[in-house]
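Shown next: run_28.csv, given as CSV, C-alpha atoms.
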chain,number,residue,atom,x,y,z
A,1040,MET,CA,12.8,0.4,-35.6
A,1041,ALA,CA,10.5,0.4,-32.7
A,1042,LEU,CA,6.8,0.6,-33.0
A,1043,LEU,CA,6.9,4.0,-31.5
A,1044,ASP,CA,9.0,5.1,-34.5
A,1045,PHE,CA,5.9,4.7,-36.7
A,1046,ALA,CA,3.8,6.8,-34.5
A,1047,ASN,CA,4.6,9.6,-36.9
A,1048,PRO,CA,2.0,9.3,-39.7
A,1049,ALA,CA,4.4,10.8,-42.3
A,1050,ARG,CA,7.1,8.3,-41.3
A,1051,PHE,CA,4.6,5.4,-41.6
A,1052,LEU,CA,3.5,6.7,-45.1
A,1053,ARG,CA,7.2,6.6,-46.2
A,1054,PHE,CA,7.5,3.1,-44.8
A,1055,ALA,CA,4.3,1.9,-46.4
A,1056,ASN,CA,5.1,3.4,-49.8
A,1057,THR,CA,8.4,1.5,-49.8
A,1058,VAL,CA,7.2,-1.8,-48.4
A,1059,ILE,CA,3.9,-2.3,-50.1
A,1060,PRO,CA,5.2,-2.9,-53.6
A,1061,TRP,CA,7.7,-5.5,-52.4
A,1062,LEU,CA,5.2,-7.2,-50.1
A,1063,SER,CA,2.7,-7.3,-53.0
A,1064,GLY,CA,5.3,-9.0,-55.2
A,1065,VAL,CA,6.3,-11.6,-52.6
A,1066,THR,CA,2.6,-12.3,-51.8
A,1067,LEU,CA,1.9,-13.0,-55.5
A,1068,ILE,CA,4.8,-15.3,-55.8
A,1069,VAL,CA,3.9,-17.3,-52.6
A,1070,PHE,CA,0.2,-17.4,-53.7
A,1071,ALA,CA,1.3,-18.8,-57.1
A,1072,PHE,CA,3.4,-21.4,-55.5
A,1073,GLY,CA,0.8,-22.3,-52.9
A,1074,ILE,CA,-2.1,-22.7,-55.4
A,1075,ASP,CA,0.2,-24.8,-57.6
A,1076,GLN,CA,1.0,-27.1,-54.7
A,1077,ALA,CA,-2.7,-27.1,-53.7
A,1078,MET,CA,-3.8,-28.2,-57.1
A,1079,ILE,CA,-1.2,-31.1,-57.3
A,1080,ALA,CA,-1.8,-32.2,-53.7
A,1081,PRO,CA,-3.4,-35.7,-53.6
A,1082,ASP,CA,-7.1,-36.2,-52.9
A,1083,ASP,CA,-8.1,-37.2,-49.4
A,1084,TYR,CA,-9.1,-40.8,-49.0
A,1085,GLN,CA,-12.5,-39.8,-47.6
A,1086,GLN,CA,-13.2,-36.4,-49.0
A,1087,GLY,CA,-11.6,-36.8,-52.4
A,1088,ALA,CA,-10.9,-33.6,-54.3
A,1089,THR,CA,-13.1,-31.4,-52.0
A,1090,VAL,CA,-10.1,-31.4,-49.6
A,1091,LYS,CA,-8.8,-28.6,-51.9
A,1092,ILE,CA,-11.3,-26.2,-50.4
A,1093,MET,CA,-9.4,-26.6,-47.2
A,1094,PHE,CA,-6.5,-24.6,-48.7
A,1095,LEU,CA,-8.8,-21.6,-48.8
A,1096,HIS,CA,-11.0,-22.3,-45.8
A,1097,VAL,CA,-8.5,-22.9,-43.1
A,1098,PRO,CA,-6.1,-19.9,-43.9
A,1099,SER,CA,-9.0,-17.5,-44.2
A,1100,ALA,CA,-10.3,-18.7,-40.8
A,1101,TRP,CA,-6.9,-18.2,-39.3
A,1102,LEU,CA,-6.5,-14.7,-40.8
A,1103,GLY,CA,-10.0,-13.7,-39.8
A,1104,MET,CA,-9.0,-14.4,-36.2
A,1105,LEU,CA,-5.6,-12.8,-36.6
A,1106,ALA,CA,-7.2,-9.6,-37.9
A,1107,TRP,CA,-9.3,-9.4,-34.8
A,1108,GLY,CA,-6.2,-10.1,-32.7
A,1109,VAL,CA,-4.5,-7.2,-34.4
A,1110,MET,CA,-7.5,-5.0,-33.7
A,1111,THR,CA,-7.5,-6.1,-30.1
A,1112,VAL,CA,-3.8,-5.0,-29.7
A,1113,ALA,CA,-4.7,-1.8,-31.5
A,1114,ALA,CA,-7.6,-1.2,-29.1
A,1115,LEU,CA,-5.3,-1.5,-26.2
A,1116,GLY,CA,-2.9,0.9,-28.0
A,1117,THR,CA,-5.8,3.3,-28.3
A,1118,LEU,CA,-7.2,3.1,-24.8
A,1119,VAL,CA,-4.1,2.4,-22.7
A,1120,TRP,CA,-0.9,3.6,-24.5
A,1121,ARG,CA,-2.5,6.3,-26.7
A,1122,HIS,CA,-0.4,5.3,-29.7
A,1123,PRO,CA,-1.2,7.8,-32.5
A,1124,LEU,CA,-1.7,5.1,-35.2
A,1125,ALA,CA,-3.5,2.5,-33.0
A,1126,ASP,CA,-7.0,3.5,-34.0
A,1127,VAL,CA,-6.0,4.0,-37.6
A,1128,THR,CA,-4.7,0.4,-37.7
A,1129,ALA,CA,-7.8,-0.9,-36.0
A,1130,LYS,CA,-10.1,0.8,-38.5
A,1131,ALA,CA,-8.0,-0.4,-41.4
A,1132,ALA,CA,-8.0,-4.0,-40.2
A,1133,ALA,CA,-11.7,-4.4,-39.7
A,1134,PRO,CA,-12.9,-4.7,-43.4
A,1135,ILE,CA,-10.0,-7.0,-44.2
A,1136,GLY,CA,-10.8,-9.2,-41.3
A,1137,ALA,CA,-14.5,-9.2,-42.3
A,1138,ALA,CA,-13.6,-10.2,-45.8
A,1139,PHE,CA,-11.4,-13.2,-44.6
A,1140,THR,CA,-14.1,-14.3,-42.2
A,1141,LEU,CA,-16.8,-14.1,-44.9
A,1142,LEU,CA,-14.5,-16.2,-47.2
A,1143,CYS,CA,-14.2,-18.7,-44.3
A,1144,LEU,CA,-18.0,-18.9,-44.0
A,1145,VAL,CA,-18.6,-19.2,-47.7
A,1146,THR,CA,-15.9,-21.8,-48.4
A,1147,GLY,CA,-17.0,-23.7,-45.3
A,1148,SER,CA,-20.5,-23.9,-46.6
A,1149,LEU,CA,-19.3,-25.0,-50.0
A,1150,TRP,CA,-17.2,-27.7,-48.3
A,1151,GLY,CA,-20.0,-28.7,-45.9
A,1152,ARG,CA,-22.6,-29.4,-48.6
A,1153,PRO,CA,-20.8,-32.3,-50.3
A,1154,GLU,CA,-19.2,-33.6,-47.0
A,1155,TRP,CA,-22.1,-33.2,-44.5
A,1156,GLY,CA,-25.0,-32.9,-46.8
A,1157,THR,CA,-25.8,-29.4,-45.6
A,1158,TYR,CA,-24.5,-25.9,-46.2
A,1159,TRP,CA,-25.0,-24.9,-42.5
A,1160,VAL,CA,-25.5,-26.3,-39.1
A,1161,TRP,CA,-25.8,-24.3,-35.9
A,1162,ASP,CA,-22.9,-26.0,-34.2
A,1163,ALA,CA,-20.5,-24.2,-31.9
A,1164,ARG,CA,-17.7,-23.6,-34.4
A,1165,LEU,CA,-19.8,-22.3,-37.2
A,1166,THR,CA,-22.0,-20.2,-34.9
A,1167,SER,CA,-19.0,-18.6,-33.2
A,1168,GLU,CA,-17.4,-17.9,-36.6
A,1169,LEU,CA,-20.7,-16.2,-37.7
A,1170,ILE,CA,-20.7,-14.2,-34.5
A,1171,LEU,CA,-17.2,-13.0,-35.4
A,1172,PHE,CA,-18.4,-11.9,-38.8
A,1173,LEU,CA,-21.3,-10.0,-37.2
A,1174,LEU,CA,-18.8,-8.4,-34.8
A,1175,TYR,CA,-16.8,-7.1,-37.7
A,1176,LEU,CA,-19.9,-5.6,-39.3
A,1177,GLY,CA,-20.7,-4.0,-35.9
A,1178,VAL,CA,-17.3,-2.4,-35.6
A,1179,ILE,CA,-17.4,-1.1,-39.2
A,1180,ALA,CA,-20.8,0.3,-38.6
A,1181,LEU,CA,-19.7,2.0,-35.4
A,1182,TRP,CA,-16.8,3.7,-37.2
A,1183,ARG,CA,-19.2,5.0,-39.8
A,1184,THR,CA,-21.9,6.0,-37.4
A,1185,VAL,CA,-20.0,8.2,-34.9
A,1186,ASP,CA,-18.9,11.4,-36.5
A,1187,ASP,CA,-16.1,12.4,-34.1
A,1188,PRO,CA,-13.1,10.1,-34.9
A,1189,SER,CA,-11.8,10.1,-31.4
A,1190,ARG,CA,-15.2,9.0,-29.9
A,1191,ALA,CA,-15.6,6.4,-32.6
A,1192,ALA,CA,-12.1,5.1,-31.9
A,1193,ARG,CA,-12.9,4.7,-28.2
A,1194,ALA,CA,-16.2,3.0,-28.8
A,1195,ALA,CA,-14.8,0.7,-31.5
A,1196,ALA,CA,-11.9,-0.2,-29.1
A,1197,ILE,CA,-14.3,-1.2,-26.3
A,1198,LEU,CA,-16.4,-3.3,-28.7
A,1199,THR,CA,-13.2,-4.9,-30.1
A,1200,LEU,CA,-11.9,-5.8,-26.6
A,1201,VAL,CA,-15.3,-7.3,-25.7
A,1202,GLY,CA,-15.5,-9.2,-29.0
A,1203,ALA,CA,-12.0,-10.7,-28.4
A,1204,ILE,CA,-13.7,-13.2,-26.1
A,1205,ASP,CA,-15.0,-14.9,-29.3
A,1206,LEU,CA,-11.5,-15.9,-30.4
A,1207,PRO,CA,-10.9,-18.6,-27.7
A,1208,ILE,CA,-14.5,-19.7,-28.1
A,1209,ILE,CA,-13.9,-20.3,-31.8
A,1210,LYS,CA,-10.6,-22.0,-31.1
A,1211,PHE,CA,-11.9,-24.3,-28.4
A,1212,SER,CA,-15.5,-24.8,-29.6
A,1213,VAL,CA,-14.7,-28.2,-31.1
A,1214,GLU,CA,-13.3,-29.4,-27.8
A,1215,TRP,CA,-15.9,-27.8,-25.4
A,1216,TRP,CA,-19.0,-28.9,-27.4
A,1217,ASN,CA,-20.1,-31.7,-29.6
A,1218,THR,CA,-19.7,-30.3,-33.1
A,1219,LEU,CA,-20.3,-31.4,-36.6
A,1220,HIS,CA,-17.2,-29.4,-37.5
A,1221,GLN,CA,-14.1,-31.6,-37.2
A,1222,GLY,CA,-11.8,-31.3,-34.3
A,1223,THR,CA,-8.4,-29.7,-34.1
A,1224,SER,CA,-6.2,-31.4,-36.7
A,1225,VAL,CA,-3.3,-29.1,-37.5
A,1226,PHE,CA,-1.9,-27.8,-34.2
A,1227,ARG,CA,-2.3,-30.7,-31.7
A,1228,MET,CA,-0.3,-32.0,-28.8
A,1229,GLY,CA,0.4,-35.3,-30.5
A,1230,GLY,CA,1.2,-33.7,-33.8
A,1231,SER,CA,-1.0,-33.0,-36.8
A,1232,THR,CA,-3.3,-35.6,-38.1
A,1233,ILE,CA,-3.0,-34.3,-41.6
A,1234,TYR,CA,-0.5,-36.1,-44.0
A,1235,PRO,CA,2.5,-33.9,-45.1
A,1236,THR,CA,1.4,-34.0,-48.7
A,1237,ILE,CA,-1.6,-32.0,-47.8
A,1238,LEU,CA,-0.2,-30.2,-44.7
A,1239,ILE,CA,2.7,-28.5,-46.5
A,1240,PRO,CA,0.5,-26.9,-49.2
A,1241,LEU,CA,-1.8,-25.8,-46.4
A,1242,PHE,CA,1.1,-24.0,-44.6
A,1243,ILE,CA,2.2,-22.4,-47.9
A,1244,MET,CA,-1.3,-21.1,-48.5
A,1245,ALA,CA,-1.4,-19.9,-44.9
A,1246,ALA,CA,1.8,-18.0,-45.5
A,1247,ALA,CA,0.4,-16.5,-48.7
A,1248,PHE,CA,-2.8,-15.4,-46.9
A,1249,THR,CA,-0.7,-13.9,-44.1
A,1250,LEU,CA,1.4,-11.9,-46.5
A,1251,LEU,CA,-1.8,-10.8,-48.2
A,1252,PHE,CA,-3.2,-9.6,-44.9
A,1253,PHE,CA,-0.3,-7.5,-44.0
A,1254,THR,CA,0.0,-6.1,-47.5
A,1255,LEU,CA,-3.7,-5.0,-47.4
A,1256,LEU,CA,-3.3,-3.8,-43.8
A,1257,PHE,CA,-0.4,-1.5,-44.7
A,1258,ALA,CA,-2.3,-0.2,-47.7
A,1259,ALA,CA,-5.6,0.3,-45.8
A,1260,THR,CA,-3.7,2.1,-43.0
A,1261,ARG,CA,-2.0,4.3,-45.5
A,1262,ASN,CA,-5.5,5.2,-46.9
A,1263,GLU,CA,-6.8,6.0,-43.5
A,1264,ILE,CA,-3.9,8.3,-42.7
A,1265,LEU,CA,-4.5,10.1,-46.0
A,1266,ARG,CA,-8.2,10.3,-45.3
A,1267,ARG,CA,-7.6,12.0,-42.0
A,1268,ARG,CA,-5.2,14.4,-43.7
A,1269,VAL,CA,-7.9,15.3,-46.2
A,1270,ARG,CA,-10.4,15.8,-43.3
A,1271,THR,CA,-7.9,18.1,-41.5
A,1272,LEU,CA,-7.3,20.2,-44.7
A,1273,GLN,CA,-11.0,20.4,-45.4
A,1274,LEU,CA,-11.7,21.6,-41.9
A,1275,MET,CA,-8.9,24.2,-42.3
A,1276,GLN,CA,-10.4,25.2,-45.7
A,1277,ALA,CA,-13.8,25.7,-44.1
A,1278,SER,CA,-12.4,27.8,-41.2
A,1279,GLN,CA,-10.6,30.0,-43.7
A,1280,VAL,CA,-13.8,30.6,-45.6
A,1281,THR,CA,-15.6,31.7,-42.3
B,1248,MET,CA,-14.4,-40.8,-54.8
B,1249,GLY,CA,-13.4,-39.6,-58.3
B,1250,ALA,CA,-11.2,-36.6,-58.9
B,1251,THR,CA,-14.1,-34.8,-60.7
B,1252,ALA,CA,-16.7,-35.4,-58.0
B,1253,HIS,CA,-18.0,-32.2,-56.5
B,1254,LEU,CA,-15.8,-30.1,-58.9
B,1255,ASP,CA,-18.6,-27.5,-59.0
B,1256,PHE,CA,-18.2,-26.9,-55.2
B,1257,ILE,CA,-14.4,-26.6,-55.5
B,1258,ALA,CA,-14.7,-24.2,-58.4
B,1259,ALA,CA,-17.3,-22.2,-56.5
B,1260,ALA,CA,-15.1,-21.9,-53.5
B,1261,TYR,CA,-12.1,-20.7,-55.5
B,1262,ALA,CA,-14.4,-18.3,-57.4
B,1263,ALA,CA,-15.7,-16.9,-54.1
B,1264,ALA,CA,-12.1,-16.3,-53.0
B,1265,VAL,CA,-11.3,-14.4,-56.2
B,1266,ILE,CA,-14.4,-12.3,-55.9
B,1267,ILE,CA,-14.0,-11.5,-52.2
B,1268,ILE,CA,-10.3,-10.8,-52.2
B,1269,GLY,CA,-10.6,-9.1,-55.6
B,1270,ALA,CA,-13.3,-6.8,-54.3
B,1271,LEU,CA,-11.1,-5.9,-51.2
B,1272,LEU,CA,-8.1,-5.2,-53.5
B,1273,ILE,CA,-10.2,-3.0,-55.8
B,1274,TRP,CA,-11.8,-1.1,-52.9
B,1275,ILE,CA,-8.4,-0.4,-51.2
B,1276,THR,CA,-6.9,0.7,-54.6
B,1277,LEU,CA,-9.8,3.0,-55.5
B,1278,ASP,CA,-9.8,4.5,-52.0
B,1279,TYR,CA,-6.1,5.2,-52.3
B,1280,ARG,CA,-6.5,7.0,-55.6
B,1281,ALA,CA,-9.5,9.0,-54.3
B,1282,GLN,CA,-7.6,10.2,-51.3
B,1283,LEU,CA,-4.6,11.2,-53.5
B,1284,HIS,CA,-6.9,13.0,-55.9
B,1285,THR,CA,-8.6,14.9,-53.1
B,1286,LEU,CA,-5.2,15.9,-51.6
B,1287,ALA,CA,-4.0,17.1,-55.0
B,1288,GLU,CA,-7.1,19.1,-55.4
B,1289,LEU,CA,-6.8,20.7,-52.0
B,1290,ASP,CA,-3.1,21.5,-52.7
B,1291,ARG,CA,-4.1,23.1,-56.0
B,1292,GLN,CA,-6.6,25.3,-54.1
B,1293,GLY,CA,-3.7,26.3,-51.8
B,1294,VAL,CA,-4.9,24.5,-48.7
B,1295,SER,CA,-1.9,23.1,-46.9
B,1296,ARG,CA,-1.0,22.4,-43.3
B,1297,ARG,CA,2.3,24.1,-43.9
B,1298,SER,CA,1.0,27.0,-46.0
B,1299,GLY,CA,2.4,29.6,-43.6
B,1300,ALA,CA,0.6,31.7,-41.0
B,1301,THR,CA,-1.9,30.4,-38.6
B,1302,ARG,CA,-5.3,31.9,-38.4
B,1303,ALA,CA,-4.4,34.0,-35.4
B,1304,GLU,CA,-1.3,35.3,-37.2
B,1305,ARG,CA,-3.3,36.1,-40.3
B,1306,THR,CA,-5.8,38.0,-38.1
B,1307,ILE,CA,-2.9,40.1,-36.6
B,1308,GLU,CA,-1.4,40.7,-40.0
B,1309,GLN,CA,-4.8,41.8,-41.4
B,1310,ALA,CA,-5.2,44.2,-38.4
B,1311,LYS,CA,-1.8,45.7,-39.0
B,1312,ALA,CA,-2.5,46.1,-42.7
B,1313,ALA,CA,-5.8,47.8,-42.0
B,1314,ALA,CA,-4.1,50.2,-39.4
B,1315,ASN,CA,-1.3,51.0,-41.9
B,1316,ALA,CA,-3.8,51.7,-44.6
B,1317,GLN,CA,-5.8,54.0,-42.3
B,1318,ALA,CA,-2.7,55.8,-41.3
B,1319,LYS,CA,-1.8,56.5,-44.9
B,1320,GLU,CA,-5.3,57.8,-45.6
B,1321,GLN,CA,-5.1,60.2,-42.6
B,1322,ALA,CA,-1.6,61.3,-43.7
Once you've parsed the file, please lay out its structure as structure tokens.
Amino acid sequence: MALLDFANPARFLRFANTVIPWLSGVTLIVFAFGIDQAMIAPDDYQQGATVKIMFLHVPSAWLGMLAWGVMTVAALGTLVWRHPLADVTAKAAAPIGAAFTLLCLVTGSLWGRPEWGTYWVWDARLTSELILFLLYLGVIALWRTVDDPSRAARAAAILTLVGAIDLPIIKFSVEWWNTLHQGTSVFRMGGSTIYPTILIPLFIMAAAFTLLFFTLLFAATRNEILRRRVRTLQLMQASQVT
Amino acid sequence: MGATAHLDFIAAAYAAAVIIIGALLIWITLDYRAQLHTLAELDRQGVSRRSGATRAERTIEQAKAAANAQAKEQA
């Protein structure tokens, strides 16, 4: 099925109602396995047991960025291709991405205190991640502030496209600037610097977070379609009264 | 470093994950139920996108009914 096949909201609702329960079940199973593997993973020789925070922090960072990537594609779908569900998807993804980014910031602070001796530093990685969180809040506020959904969609799409510049800044911040945050250690030219006994649970948790993201995205998109259906019916009801 | 060192930070991180993801799950679930409830209420009130005539058609029908009623009175 092509993406255009889901341009029909009713067809997407049927798809979502079928897929969400199965996706939820698979997400739970992968999370259970991932957390089990994370708990039995060995301690890091320097960080000790606090390395277990990485199994939350890194996947939530990745998903926070993935969500903005999804919103960026959706923004192009709104402005360029006029896909009927593009702005619906973008609006649905924003709170989910904000939640993952907040989780990244919180777990990062809790990891930083025992490792660096501080909850926060204004280094490039942390600051650009905080900016991403503020961008999420800005997009959510824009959706809520502008009454006309089509105007809100265009404004949010423009903000999303502008904010997308933050993604490569986050990614390459540890290379471009001197940062307290550690450098790239997972996806590197010479291979990961993380030992497999920690890297494999990390990838399992990343898979679990990714499944969770798409489960929540489908569910939130379904909610948004239903909300717009309610709005249409309420407008019809109001016009019948007058 | 011992296995129990900084256990409070590890526990706090996992607790934060449960709270944040849990809040997101609860919000999406409650929102879904609210939308379904509102749609059911609107359906109960007879408001539907496929309820039949458009507003223009209803206006024409109302005009015809009024004209028929007037004709019957005159007859």
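When CA of Arg1183 (chain A) is paired with CA of Thr1276 (chain B), their separation reads 19.7 Å.
Residue nearest Phe1094 (chain A), chosen from A:Ile1179, A:Ile1237, A:Ile1208, A:Leu1255 and counting only C-alpha atoms: A:Ile1237.
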Give me, as CSV, each residue of chain A that comes within 10 Å of chain B, together with its shortest interatomic pair and the distance in Å at one decimal, counting all atoms listed in the file, with rows ordered by chain and rising residue number.
residue,atom,partner,partner_atom,distance
A:Pro1081,CA,B:Ala1250,CA,9.5
A:Asp1082,CA,B:Ala1250,CA,7.3
A:Asp1083,CA,B:Met1248,CA,9.0
A:Tyr1084,CA,B:Met1248,CA,7.9
A:Gln1085,CA,B:Met1248,CA,7.5
A:Gln1086,CA,B:Met1248,CA,7.4
A:Gly1087,CA,B:Met1248,CA,5.4
A:Ala1088,CA,B:Ala1250,CA,5.5
A:Thr1089,CA,B:Ile1257,CA,6.1
A:Val1090,CA,B:Ile1257,CA,8.7
A:Lys1091,CA,B:Ile1257,CA,7.0
A:Ile1092,CA,B:Ile1257,CA,6.0
A:Met1093,CA,B:Ile1257,CA,9.7
A:Phe1094,CA,B:Tyr1261,CA,9.6
A:Leu1095,CA,B:Tyr1261,CA,7.5
A:His1096,CA,B:Ala1260,CA,8.7
A:Ser1099,CA,B:Ala1264,CA,9.4
A:Ala1131,CA,B:Ile1275,CA,9.8
A:Pro1134,CA,B:Leu1271,CA,8.1
A:Ile1135,CA,B:Leu1271,CA,7.2
A:Ala1138,CA,B:Ile1267,CA,6.5
A:Phe1139,CA,B:Ile1268,CA,8.0
A:Leu1141,CA,B:Ile1267,CA,8.2
A:Leu1142,CA,B:Ala1264,CA,6.3
A:Cys1143,CA,B:Ala1264,CA,9.3
A:Val1145,CA,B:Ala1260,CA,7.3
A:Thr1146,CA,B:Ala1260,CA,5.2
A:Gly1147,CA,B:Ala1260,CA,8.6
A:Ser1148,CA,B:Ala1260,CA,9.0
A:Leu1149,CA,B:Phe1256,CA,5.6
A:Trp1150,CA,B:Phe1256,CA,7.0
A:Gly1151,CA,B:Phe1256,CA,9.6
A:Arg1152,CA,B:Phe1256,CA,8.3
A:Pro1153,CA,B:His1253,CA,6.8
A:Glu1154,CA,B:His1253,CA,9.7
A:Leu1251,CA,B:Ile1268,CA,9.4
A:Leu1255,CA,B:Leu1272,CA,7.5
A:Leu1256,CA,B:Ile1275,CA,9.6
A:Ala1258,CA,B:Ile1275,CA,7.0
A:Ala1259,CA,B:Ile1275,CA,6.1
A:Thr1260,CA,B:Ile1275,CA,9.8
A:Arg1261,CA,B:Tyr1279,CA,8.0
A:Asn1262,CA,B:Tyr1279,CA,5.4
A:Glu1263,CA,B:Tyr1279,CA,8.9
A:Ile1264,CA,B:Gln1282,CA,9.6
A:Leu1265,CA,B:Gln1282,CA,6.1
A:Arg1266,CA,B:Gln1282,CA,6.0
A:Arg1267,CA,B:Gln1282,CA,9.5
A:Arg1268,CA,B:Leu1286,CA,8.0
A:Val1269,CA,B:Leu1286,CA,6.1
A:Arg1270,CA,B:Leu1286,CA,9.8
A:Thr1271,CA,B:Arg1296,CA,8.3
A:Leu1272,CA,B:Val1294,CA,6.3
A:Gln1273,CA,B:Leu1289,CA,7.8
A:Met1275,CA,B:Val1294,CA,7.6
A:Gln1276,CA,B:Val1294,CA,6.3
A:Ser1278,CA,B:Arg1302,CA,8.7
A:Gln1279,CA,B:Arg1302,CA,7.7
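Residues in contact with Val1201 (chain A) at 10 Å, where only C-alpha atoms are counted and same-chain residues fewer than 4 positions away are skipped, are listed as Thr1111, Leu1174, Ala1195, Ala1196, Ile1197 and Asp1205 of chain A.
The spacing separating CA of Ala1203 (chain A) from CA of Asn1217 (chain A) amounts to 22.5 Å.
In this model, the gap between CA of Asp1126 (chain A) and CA of Leu1144 (chain A) comes to 26.9 Å.
Of the listed residues A:Arg1193, A:His1122, A:Arg1053, A:Arg1164, the one whose atoms come nearest to His1220 (chain A) is A:Arg1164, with distances taken using all atoms listed in the file.
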- Would you list the contacts of Met1110 (chain A) as JSON, numbers by chain, taking every protein, DNA or RNA residue within 10 Å and counting only C-alpha atoms, but skipping same-chain residues closer than 4 positions in sequence? {"A": [1104, 1105, 1106, 1114, 1115, 1116, 1125, 1126, 1127, 1128, 1129, 1130, 1131, 1132, 1133, 1136, 1195, 1196, 1199, 1200, 1203]}
- Message: With all atoms listed in the file as the counted atoms, please give the residues lying no more than 10 Å from Thr1236 (chain A), apart from itself and same-chain residues fewer than 2 positions off, as a ChimeraX atom specification.
- Response: /A:1076-1077,1079-1082,1233-1234,1238-1241
